[in-house]
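**Q** My structure file my_file16.pdb, PDB, C-alpha atoms and all ligand atoms, is below:
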ATOM      1  CA  MET A 206      21.256  11.581  31.879
ATOM      2  CA  THR A 207      19.098  13.835  29.687
ATOM      3  CA  LYS A 208      17.507  12.090  26.742
ATOM      4  CA  HIS A 209      17.112  13.611  23.298
ATOM      5  CA  VAL A 210      14.085  13.257  21.035
ATOM      6  CA  VAL A 211      13.495  14.423  17.455
ATOM      7  CA  ILE A 212       9.854  14.940  16.414
ATOM      8  CA  THR A 213       8.689  15.789  12.879
ATOM      9  CA  GLY A 214       5.442  17.639  12.104
ATOM     10  CA  ALA A 215       5.766  19.195  15.554
ATOM     11  CA  ASN A 216       3.838  22.446  15.023
ATOM     12  CA  ARG A 217       0.321  21.058  15.509
ATOM     13  CA  GLY A 218      -1.821  18.011  16.199
ATOM     14  CA  ILE A 219      -0.196  14.878  17.593
ATOM     15  CA  GLY A 220       3.317  16.214  16.919
ATOM     16  CA  LEU A 221       2.767  19.252  19.151
ATOM     17  CA  GLY A 222       1.259  16.973  21.820
ATOM     18  CA  LEU A 223       4.384  14.793  21.690
ATOM     19  CA  VAL A 224       6.603  17.867  22.109
ATOM     20  CA  LYS A 225       4.713  18.915  25.270
ATOM     21  CA  TYR A 226       4.795  15.369  26.676
ATOM     22  CA  TYR A 227       8.548  14.903  26.260
ATOM     23  CA  LEU A 228       9.363  18.405  27.573
ATOM     24  CA  ASP A 229       7.412  17.476  30.724
ATOM     25  CA  LYS A 230       9.534  14.329  30.988
ATOM     26  CA  ASP A 231      12.724  16.457  30.859
ATOM     27  CA  TYR A 232      13.831  15.394  27.410
ATOM     28  CA  THR A 233      15.756  17.752  25.162
ATOM     29  CA  VAL A 234      13.380  18.171  22.226
ATOM     30  CA  ALA A 235      14.261  18.951  18.601
ATOM     31  CA  ALA A 236      10.890  19.978  17.172
ATOM     32  CA  CYS A 237      10.801  20.001  13.369
ATOM     33  CA  CYS A 238       8.243  21.740  11.197
ATOM     34  CA  ARG A 239       7.950  23.080   7.680
ATOM     35  CA  GLN A 240       7.476  26.724   8.625
ATOM     36  CA  PRO A 241       9.046  27.640  11.969
ATOM     37  CA  ASN A 242       8.095  31.290  11.418
ATOM     38  CA  HIS A 243       4.423  30.319  11.532
ATOM     39  CA  ALA A 244       4.670  27.791  14.383
ATOM     40  CA  ASP A 245       3.337  30.191  17.016
ATOM     41  CA  GLU A 246       2.571  27.710  19.803
ATOM     42  CA  LEU A 247       5.901  25.947  19.350
ATOM     43  CA  ASN A 248       7.802  29.246  19.400
ATOM     44  CA  GLU A 249       5.984  30.372  22.568
ATOM     45  CA  LEU A 250       6.956  27.088  24.229
ATOM     46  CA  ALA A 251      10.560  27.511  23.069
ATOM     47  CA  GLU A 252      10.685  30.944  24.743
ATOM     48  CA  GLN A 253       9.821  29.270  28.064
ATOM     49  CA  CYS A 254      11.904  26.074  27.700
ATOM     50  CA  THR A 255      15.609  26.084  27.005
ATOM     51  CA  THR A 256      15.385  22.344  26.297
ATOM     52  CA  LEU A 257      13.216  22.928  23.223
ATOM     53  CA  SER A 258      14.721  23.872  19.857
ATOM     54  CA  VAL A 259      12.654  24.487  16.743
ATOM     55  CA  TYR A 260      14.067  23.453  13.362
ATOM     56  CA  SER A 261      12.940  23.808   9.778
ATOM     57  CA  LEU A 262      12.242  20.444   8.155
ATOM     58  CA  ASP A 263      10.153  19.504   5.138
ATOM     59  CA  VAL A 264      10.131  15.714   4.847
ATOM     60  CA  GLU A 265       9.521  16.014   1.092
ATOM     61  CA  SER A 266      12.970  17.577   0.665
ATOM     62  CA  GLU A 267      16.100  15.521   1.305
ATOM     63  CA  ALA A 268      18.159  18.735   1.282
ATOM     64  CA  SER A 269      16.045  20.067   4.143
ATOM     65  CA  ILE A 270      16.481  16.796   6.098
ATOM     66  CA  SER A 271      20.234  16.924   5.516
ATOM     67  CA  ASP A 272      20.445  20.597   6.626
ATOM     68  CA  PHE A 273      18.534  19.752   9.818
ATOM     69  CA  VAL A 274      20.848  16.853  10.688
ATOM     70  CA  THR A 275      23.880  19.053   9.985
ATOM     71  CA  ALA A 276      22.427  21.650  12.399
ATOM     72  CA  LEU A 277      22.216  18.961  15.111
ATOM     73  CA  GLY A 278      25.995  18.559  14.852
ATOM     74  CA  ASP A 279      27.371  15.619  16.821
ATOM     75  CA  ALA A 280      24.293  15.328  19.052
ATOM     76  CA  GLU A 281      23.197  11.953  20.364
ATOM     77  CA  VAL A 282      19.587  11.051  19.609
ATOM     78  CA  ASP A 283      17.724   8.554  21.812
ATOM     79  CA  LEU A 284      14.356   8.709  20.097
ATOM     80  CA  VAL A 285      13.118   9.769  16.648
ATOM     81  CA  ILE A 286       9.386  10.105  16.067
ATOM     82  CA  ASN A 287       8.464  10.344  12.388
ATOM     83  CA  ASN A 288       5.071  11.928  12.980
ATOM     84  CA  ALA A 289       4.605  14.252   9.968
ATOM     85  CA  GLY A 290       1.880  12.935   7.721
ATOM     86  CA  TYR A 291      -0.563  13.920   5.005
ATOM     87  CA  TYR A 292      -3.918  12.352   4.153
ATOM     88  CA  GLY A 293      -4.294  13.984   0.747
ATOM     89  CA  PRO A 294      -7.518  15.228  -0.769
ATOM     90  CA  LYS A 295     -10.519  13.302   0.540
ATOM     91  CA  GLY A 296     -13.171  11.716  -1.633
ATOM     92  CA  TYR A 297     -11.095  10.102  -4.381
ATOM     93  CA  ALA A 298     -13.206   7.046  -5.114
ATOM     94  CA  PHE A 299     -12.154   4.234  -7.425
ATOM     95  CA  GLY A 300     -11.685   5.692 -10.894
ATOM     96  CA  GLN A 301     -10.843   9.197  -9.633
ATOM     97  CA  VAL A 302      -7.326   8.790  -8.253
ATOM     98  CA  ASP A 303      -5.041  11.747  -8.966
ATOM     99  CA  ILE A 304      -1.512  10.443  -9.589
ATOM    100  CA  THR A 305       0.191  13.757  -8.759
ATOM    101  CA  GLU A 306      -1.446  13.790  -5.330
ATOM    102  CA  TRP A 307      -0.530  10.123  -4.854
ATOM    103  CA  HIS A 308       3.155  11.023  -5.389
ATOM    104  CA  LYS A 309       2.878  13.750  -2.747
ATOM    105  CA  VAL A 310       1.163  11.500  -0.171
ATOM    106  CA  PHE A 311       3.780   8.808  -0.775
ATOM    107  CA  ALA A 312       6.646  11.290  -0.539
ATOM    108  CA  ILE A 313       5.468  12.588   2.843
ATOM    109  CA  ASN A 314       4.219   9.360   4.454
ATOM    110  CA  ALA A 315       6.595   6.699   3.141
ATOM    111  CA  MET A 316       9.703   8.235   1.543
ATOM    112  CA  GLY A 317      10.188  11.067   4.066
ATOM    113  CA  PRO A 318      10.397   8.779   7.111
ATOM    114  CA  LEU A 319      12.990   6.582   5.361
ATOM    115  CA  LEU A 320      15.106   9.613   4.433
ATOM    116  CA  VAL A 321      14.867  10.934   8.001
ATOM    117  CA  ALA A 322      15.945   7.497   9.260
ATOM    118  CA  GLN A 323      18.877   7.338   6.837
ATOM    119  CA  HIS A 324      20.176  10.744   7.901
ATOM    120  CA  LEU A 325      19.618  10.261  11.646
ATOM    121  CA  ALA A 326      20.793   6.636  11.971
ATOM    122  CA  PRO A 327      24.390   7.653  12.852
ATOM    123  CA  LEU A 328      23.118   9.858  15.719
ATOM    124  CA  LEU A 329      20.805   7.080  16.956
ATOM    125  CA  ALA A 330      23.775   4.689  16.863
ATOM    126  CA  LYS A 331      25.505   6.771  19.547
ATOM    127  CA  CYS A 332      22.831   5.911  22.139
ATOM    128  CA  GLU A 333      22.138   2.669  23.925
ATOM    129  CA  ASN A 334      18.514   1.557  23.509
ATOM    130  CA  SER A 335      17.761   4.088  20.768
ATOM    131  CA  LYS A 336      14.306   3.989  19.196
ATOM    132  CA  LEU A 337      12.884   5.012  15.829
ATOM    133  CA  VAL A 338       9.096   5.277  15.832
ATOM    134  CA  CYS A 339       6.982   5.986  12.752
ATOM    135  CA  LEU A 340       3.355   7.001  12.987
ATOM    136  CA  SER A 341       1.469   4.788  10.601
ATOM    137  CA  SER A 342      -2.237   4.042  10.635
ATOM    138  CA  LYS A 343      -4.573   1.103  10.908
ATOM    139  CA  MET A 344      -5.607   2.235   7.436
ATOM    140  CA  GLY A 345      -2.284   0.806   6.243
ATOM    141  CA  SER A 346      -3.202  -2.626   7.603
ATOM    142  CA  MET A 347      -4.364  -5.136   4.976
ATOM    143  CA  THR A 348      -6.267  -7.067   7.638
ATOM    144  CA  ASP A 349      -8.102  -3.972   8.840
ATOM    145  CA  ASN A 350      -9.220  -2.919   5.359
ATOM    146  CA  THR A 351     -12.849  -3.950   5.098
ATOM    147  CA  SER A 352     -14.179  -0.787   3.443
ATOM    148  CA  GLY A 353     -11.875  -0.229   0.440
ATOM    149  CA  GLY A 354     -11.143   3.235  -0.974
ATOM    150  CA  SER A 355      -8.634   5.735   0.491
ATOM    151  CA  TYR A 356      -6.095   4.494  -2.073
ATOM    152  CA  LEU A 357      -3.515   7.232  -1.553
ATOM    153  CA  TYR A 358      -3.355   7.211   2.223
ATOM    154  CA  ARG A 359      -3.767   3.460   2.717
ATOM    155  CA  SER A 360      -1.056   2.560   0.214
ATOM    156  CA  SER A 361       1.367   5.153   1.595
ATOM    157  CA  LYS A 362       0.992   3.840   5.159
ATOM    158  CA  SER A 363       1.305   0.206   3.970
ATOM    159  CA  ALA A 364       4.528   1.268   2.227
ATOM    160  CA  LEU A 365       5.685   2.945   5.452
ATOM    161  CA  ASN A 366       5.042  -0.314   7.308
ATOM    162  CA  ALA A 367       7.240  -2.141   4.780
ATOM    163  CA  VAL A 368       9.941   0.525   5.138
ATOM    164  CA  VAL A 369       9.982   0.188   8.914
ATOM    165  CA  LYS A 370      10.135  -3.614   8.737
ATOM    166  CA  SER A 371      13.316  -3.324   6.643
ATOM    167  CA  LEU A 372      14.715  -0.609   8.900
ATOM    168  CA  SER A 373      14.185  -2.881  11.902
ATOM    169  CA  ILE A 374      16.460  -5.459  10.274
ATOM    170  CA  ASP A 375      19.054  -3.012   8.921
ATOM    171  CA  LEU A 376      19.377  -1.063  12.184
ATOM    172  CA  LEU A 377      19.468  -4.129  14.435
ATOM    173  CA  PRO A 378      23.296  -4.273  14.394
ATOM    174  CA  GLN A 379      23.362  -0.783  15.964
ATOM    175  CA  ASN A 380      20.641  -1.817  18.470
ATOM    176  CA  THR A 381      18.088   0.740  17.259
ATOM    177  CA  LEU A 382      14.528  -0.473  17.778
ATOM    178  CA  CYS A 383      12.201   0.423  14.867
ATOM    179  CA  VAL A 384       8.408   0.179  15.098
ATOM    180  CA  VAL A 385       5.235   1.580  13.577
ATOM    181  CA  LEU A 386       2.486   2.947  15.811
ATOM    182  CA  HIS A 387      -1.182   3.683  15.142
ATOM    183  CA  PRO A 388      -2.020   6.747  17.260
ATOM    184  CA  GLY A 389      -5.729   5.919  17.508
ATOM    185  CA  TRP A 390      -8.433   7.994  15.838
ATOM    186  CA  VAL A 391      -7.389  11.347  17.215
ATOM    187  CA  GLN A 392      -9.063  14.779  17.389
ATOM    188  CA  THR A 393      -6.738  16.765  15.126
ATOM    189  CA  GLU A 394      -7.085  18.512  11.803
ATOM    190  CA  MET A 395      -6.551  15.129  10.126
ATOM    191  CA  GLY A 396      -8.701  13.084  12.508
ATOM    192  CA  GLY A 397     -11.544  15.609  12.583
ATOM    193  CA  PRO A 398     -13.890  16.565  15.434
ATOM    194  CA  ASN A 399     -15.671  13.171  15.587
ATOM    195  CA  ALA A 400     -12.470  11.287  16.365
ATOM    196  CA  LEU A 401     -12.581   9.038  19.416
ATOM    197  CA  ILE A 402      -9.663  10.262  21.519
ATOM    198  CA  THR A 403      -7.866  13.489  22.388
ATOM    199  CA  VAL A 404      -4.292  14.288  21.446
ATOM    200  CA  GLU A 405      -3.352  13.937  25.133
ATOM    201  CA  GLU A 406      -4.834  10.418  25.387
ATOM    202  CA  SER A 407      -3.089   9.332  22.197
ATOM    203  CA  VAL A 408       0.263  10.827  23.154
ATOM    204  CA  HIS A 409       0.173   9.452  26.684
ATOM    205  CA  GLY A 410      -0.658   5.969  25.385
ATOM    206  CA  MET A 411       2.008   6.042  22.681
ATOM    207  CA  ALA A 412       4.695   7.356  25.034
ATOM    208  CA  GLN A 413       3.916   4.626  27.594
ATOM    209  CA  THR A 414       4.078   2.036  24.811
ATOM    210  CA  ILE A 415       7.356   3.428  23.441
ATOM    211  CA  ALA A 416       8.928   3.435  26.903
ATOM    212  CA  LYS A 417       8.107  -0.246  27.448
ATOM    213  CA  LEU A 418       9.320  -1.520  24.058
ATOM    214  CA  THR A 419      12.435  -3.671  24.006
ATOM    215  CA  LEU A 420      14.667  -4.636  21.086
ATOM    216  CA  ALA A 421      12.965  -8.053  20.964
ATOM    217  CA  GLN A 422       9.854  -6.222  19.662
ATOM    218  CA  THR A 423      11.589  -4.409  16.809
ATOM    219  CA  GLY A 424       9.824  -4.509  13.433
ATOM    220  CA  GLN A 425       6.284  -4.698  14.826
ATOM    221  CA  PHE A 426       3.071  -2.685  14.430
ATOM    222  CA  PHE A 427       1.388  -1.448  17.622
ATOM    223  CA  ASN A 428      -1.728   0.451  18.579
ATOM    224  CA  TYR A 429      -1.219   3.504  20.816
ATOM    225  CA  ASN A 430      -2.329   1.399  23.800
ATOM    226  CA  GLY A 431       0.354  -1.222  23.215
ATOM    227  CA  GLU A 432      -1.783  -3.877  21.497
ATOM    228  CA  THR A 433      -0.305  -5.519  18.415
ATOM    229  CA  ILE A 434      -1.965  -4.657  15.079
ATOM    230  CA  PRO A 435      -1.969  -7.262  12.297
ATOM    231  CA  TRP A 436      -0.238  -6.215   9.071
TER     232      TRP A 436
HETATM  233  P1  LIG B 501      -2.330  16.830  11.320
HETATM  234  O1  LIG B 501      -2.874  16.932   9.939
HETATM  235  O2  LIG B 501      -3.060  17.460  12.423
HETATM  236  O3  LIG B 501      -0.801  17.329  11.339
HETATM  237  C1  LIG B 501       0.065  16.861  10.352
HETATM  238  C2  LIG B 501       1.457  17.362  10.654
HETATM  239  O4  LIG B 501       2.338  16.876   9.612
HETATM  240  C3  LIG B 501       1.553  18.899  10.623
HETATM  241  O5  LIG B 501       2.482  19.331  11.563
HETATM  242  C4  LIG B 501       2.040  19.165   9.208
HETATM  243  O6  LIG B 501       2.726  20.384   9.054
HETATM  244  C5  LIG B 501       3.024  18.000   9.073
HETATM  245  N1  LIG B 501       3.433  17.823   7.692
HETATM  246  C6  LIG B 501       2.654  17.601   6.617
HETATM  247  N2  LIG B 501       3.422  17.546   5.514
HETATM  248  C7  LIG B 501       4.698  17.748   5.903
HETATM  249  C8  LIG B 501       5.944  17.803   5.246
HETATM  250  N3  LIG B 501       6.051  17.675   3.916
HETATM  251  N4  LIG B 501       7.064  18.018   5.970
HETATM  252  C9  LIG B 501       6.984  18.164   7.305
HETATM  253  N5  LIG B 501       5.845  18.144   7.996
HETATM  254  C10 LIG B 501       4.711  17.929   7.292
HETATM  255  O7  LIG B 501      -2.172  15.255  11.594
HETATM  256  P2  LIG B 501      -2.156  14.419  12.962
HETATM  257  O8  LIG B 501      -1.441  15.178  14.016
HETATM  258  O9  LIG B 501      -3.523  13.921  13.195
HETATM  259  O10 LIG B 501      -1.303  13.146  12.491
HETATM  260  C11 LIG B 501       0.035  12.887  12.883
HETATM  261  C12 LIG B 501       0.414  11.526  12.328
HETATM  262  O11 LIG B 501      -0.495  10.525  12.820
HETATM  263  C13 LIG B 501       0.347  11.438  10.804
HETATM  264  O12 LIG B 501       1.424  10.663  10.317
HETATM  265  C14 LIG B 501      -0.974  10.725  10.546
HETATM  266  O13 LIG B 501      -0.985  10.046   9.308
HETATM  267  C15 LIG B 501      -1.036   9.779  11.741
HETATM  268  N6  LIG B 501      -2.400   9.350  12.068
HETATM  269  C16 LIG B 501      -3.340  10.226  12.546
HETATM  270  C17 LIG B 501      -4.609   9.780  12.869
HETATM  271  C18 LIG B 501      -5.657  10.684  13.445
HETATM  272  O14 LIG B 501      -6.781  10.184  13.747
HETATM  273  N7  LIG B 501      -5.402  11.960  13.651
HETATM  274  C19 LIG B 501      -5.003   8.362  12.697
HETATM  275  C20 LIG B 501      -3.938   7.521  12.199
HETATM  276  C21 LIG B 501      -2.701   8.006  11.900
HETATM  277  P3  LIG B 501       2.015  21.720   8.413
HETATM  278  O15 LIG B 501       1.292  22.390   9.561
HETATM  279  O16 LIG B 501       3.157  22.504   7.892
HETATM  280  O17 LIG B 501       1.075  21.230   7.357
END
Re-express the file's structure as structure tokens.
**A**
Amino acid sequence: MTKHVVITGANRGIGLGLVKYYLDKDYTVAACCRQPNHADELNELAEQCTTLSVYSLDVESEASISDFVTALGDAEVDLVINNAGYYGPKGYAFGQVDITEWHKVFAINAMGPLLVAQHLAPLLAKCENSKLVCLSSKMGSMTDNTSGGSYLYRSSKSALNAVVKSLSIDLLPQNTLCVVLHPGWVQTEMGGPNALITVEESVHGMAQTIAKLTLAQTGQFFNYNGETIPW
């Protein structure tokens, strides 16, 4: 039976790579982005693939999330990948943190994924073995933080980790697995040109990891290659 995946931040970077991967695996893909009219590569793909639909979704706006879920109708959703993310302005050292930007980073990285989960949980509940995956970062790991700084991004991804831990408990009765994944240091606009792996390597690793996960592993933090990451 055809499986259905929802991917946020699907117009570029890792999100676009995930769209291509799951189309190749014969999934029906709901690709969400803030500005569908400017998502040229996604729209070109959609012209070739009837199994790809492009939707408008800004994770900072609950109204936009609600409109998207309404547009899905009574669809069943096997897999949700909360991929959209924002690093925020770089270079805020201790003493220079901009609170307005911190709100924005938090809204996109921590609050948005929870709102997406709240609105899509009923559609995930319709599928056996449904999975909700949120792209976090090693930078949200307390254990991994040996260099300090990056207050906005680190704290937002730590908050996301806490959100997903609670989701894993609250969605257990409907058998939806919830995990956070670190995609690796990836060559995208966010990761920059010096990053260690390509989008394809990251996506392939994450998809293999996602496919192998069982409900017994809900509420955990994994690297793209399947290794566990300490909180
Ligand atoms: P990019 O910066 O390349 O892409 C970010 C994506 O998120 C874009 O599609 C962007 O859309 C979207 N986005 C940003 N804000 C919003 C919003 N308010 N609503 C909807 N979509 C939004 O990042 P990557 O592809 O590298 O990262 C993907 C995920 O992986 C992120 O969560 C990131 O934190 C995480 N990650 C990435 C790492 C890396 O090395 N690249 C390392 C660790 C984690 P738009 O084009 O409209 O801005």
**Q** Of the candidates A:Ile415, A:Ala215, A:Val285, A:Leu377, which one gets nearest to ligand LIG 501 (chain B) if we count all atoms listed in the file?
**A** A:Ala215
**Q** Using all atoms listed in the file for the distances, tell me which of A:Leu320, A:Gly300, A:Gly278, A:Lys225 is nearest to Glu249 of chain A.
**A** A:Lys225
**Q** Nearest residue to Asn380 of chain A out of A:Gly222, A:Pro327, A:Gly317, A:Gly214, using all atoms listed in the file?
**A**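 When distances to Asn380 of chain A are compared using all atoms listed in the file, the smallest one comes from A:Pro327.
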**Q** Once the PyMOL selection byres (((not hetatm)) within 9 of (chain B and resi 501)) has been applied to the shown file, what residues remain in the selection, as a short mmCIF file (atom, residue, chain, number, x, y, z; two decimals) with C-alpha atoms, keeping the file's coordinate frame?
**A**
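What follows is the written file out36.cif:
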data_model
loop_
_atom_site.label_atom_id
_atom_site.label_comp_id
_atom_site.auth_asym_id
_atom_site.auth_seq_id
_atom_site.Cartn_x
_atom_site.Cartn_y
_atom_site.Cartn_z
CA THR A 213 8.69 15.79 12.88
CA GLY A 214 5.44 17.64 12.10
CA ALA A 215 5.77 19.20 15.55
CA ASN A 216 3.84 22.45 15.02
CA ARG A 217 0.32 21.06 15.51
CA GLY A 218 -1.82 18.01 16.20
CA ILE A 219 -0.20 14.88 17.59
CA GLY A 220 3.32 16.21 16.92
CA LEU A 221 2.77 19.25 19.15
CA GLY A 222 1.26 16.97 21.82
CA CYS A 237 10.80 20.00 13.37
CA CYS A 238 8.24 21.74 11.20
CA ARG A 239 7.95 23.08 7.68
CA GLN A 240 7.48 26.72 8.62
CA PRO A 241 9.05 27.64 11.97
CA HIS A 243 4.42 30.32 11.53
CA ALA A 244 4.67 27.79 14.38
CA SER A 261 12.94 23.81 9.78
CA LEU A 262 12.24 20.44 8.15
CA ASP A 263 10.15 19.50 5.14
CA VAL A 264 10.13 15.71 4.85
CA GLU A 265 9.52 16.01 1.09
CA SER A 266 12.97 17.58 0.66
CA ASN A 287 8.46 10.34 12.39
CA ASN A 288 5.07 11.93 12.98
CA ALA A 289 4.61 14.25 9.97
CA GLY A 290 1.88 12.94 7.72
CA TYR A 291 -0.56 13.92 5.00
CA TYR A 292 -3.92 12.35 4.15
CA LYS A 309 2.88 13.75 -2.75
CA VAL A 310 1.16 11.50 -0.17
CA ALA A 312 6.65 11.29 -0.54
CA ILE A 313 5.47 12.59 2.84
CA ASN A 314 4.22 9.36 4.45
CA GLY A 317 10.19 11.07 4.07
CA CYS A 339 6.98 5.99 12.75
CA LEU A 340 3.36 7.00 12.99
CA SER A 341 1.47 4.79 10.60
CA SER A 342 -2.24 4.04 10.64
CA LYS A 343 -4.57 1.10 10.91
CA MET A 344 -5.61 2.24 7.44
CA TYR A 358 -3.36 7.21 2.22
CA LYS A 362 0.99 3.84 5.16
CA LEU A 386 2.49 2.95 15.81
CA HIS A 387 -1.18 3.68 15.14
CA PRO A 388 -2.02 6.75 17.26
CA GLY A 389 -5.73 5.92 17.51
CA TRP A 390 -8.43 7.99 15.84
CA VAL A 391 -7.39 11.35 17.22
CA GLN A 392 -9.06 14.78 17.39
CA THR A 393 -6.74 16.76 15.13
CA GLU A 394 -7.08 18.51 11.80
CA MET A 395 -6.55 15.13 10.13
CA GLY A 396 -8.70 13.08 12.51
CA GLY A 397 -11.54 15.61 12.58
CA ALA A 400 -12.47 11.29 16.36
CA LEU A 401 -12.58 9.04 19.42
CA ILE A 402 -9.66 10.26 21.52
CA VAL A 404 -4.29 14.29 21.45
#
**Q** What is the distance between atom CA of Leu365 of chain A and atom CA of Leu257 of chain A, in Å to one decimal?
**A**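 These atoms are spaced 27.8 Å apart.
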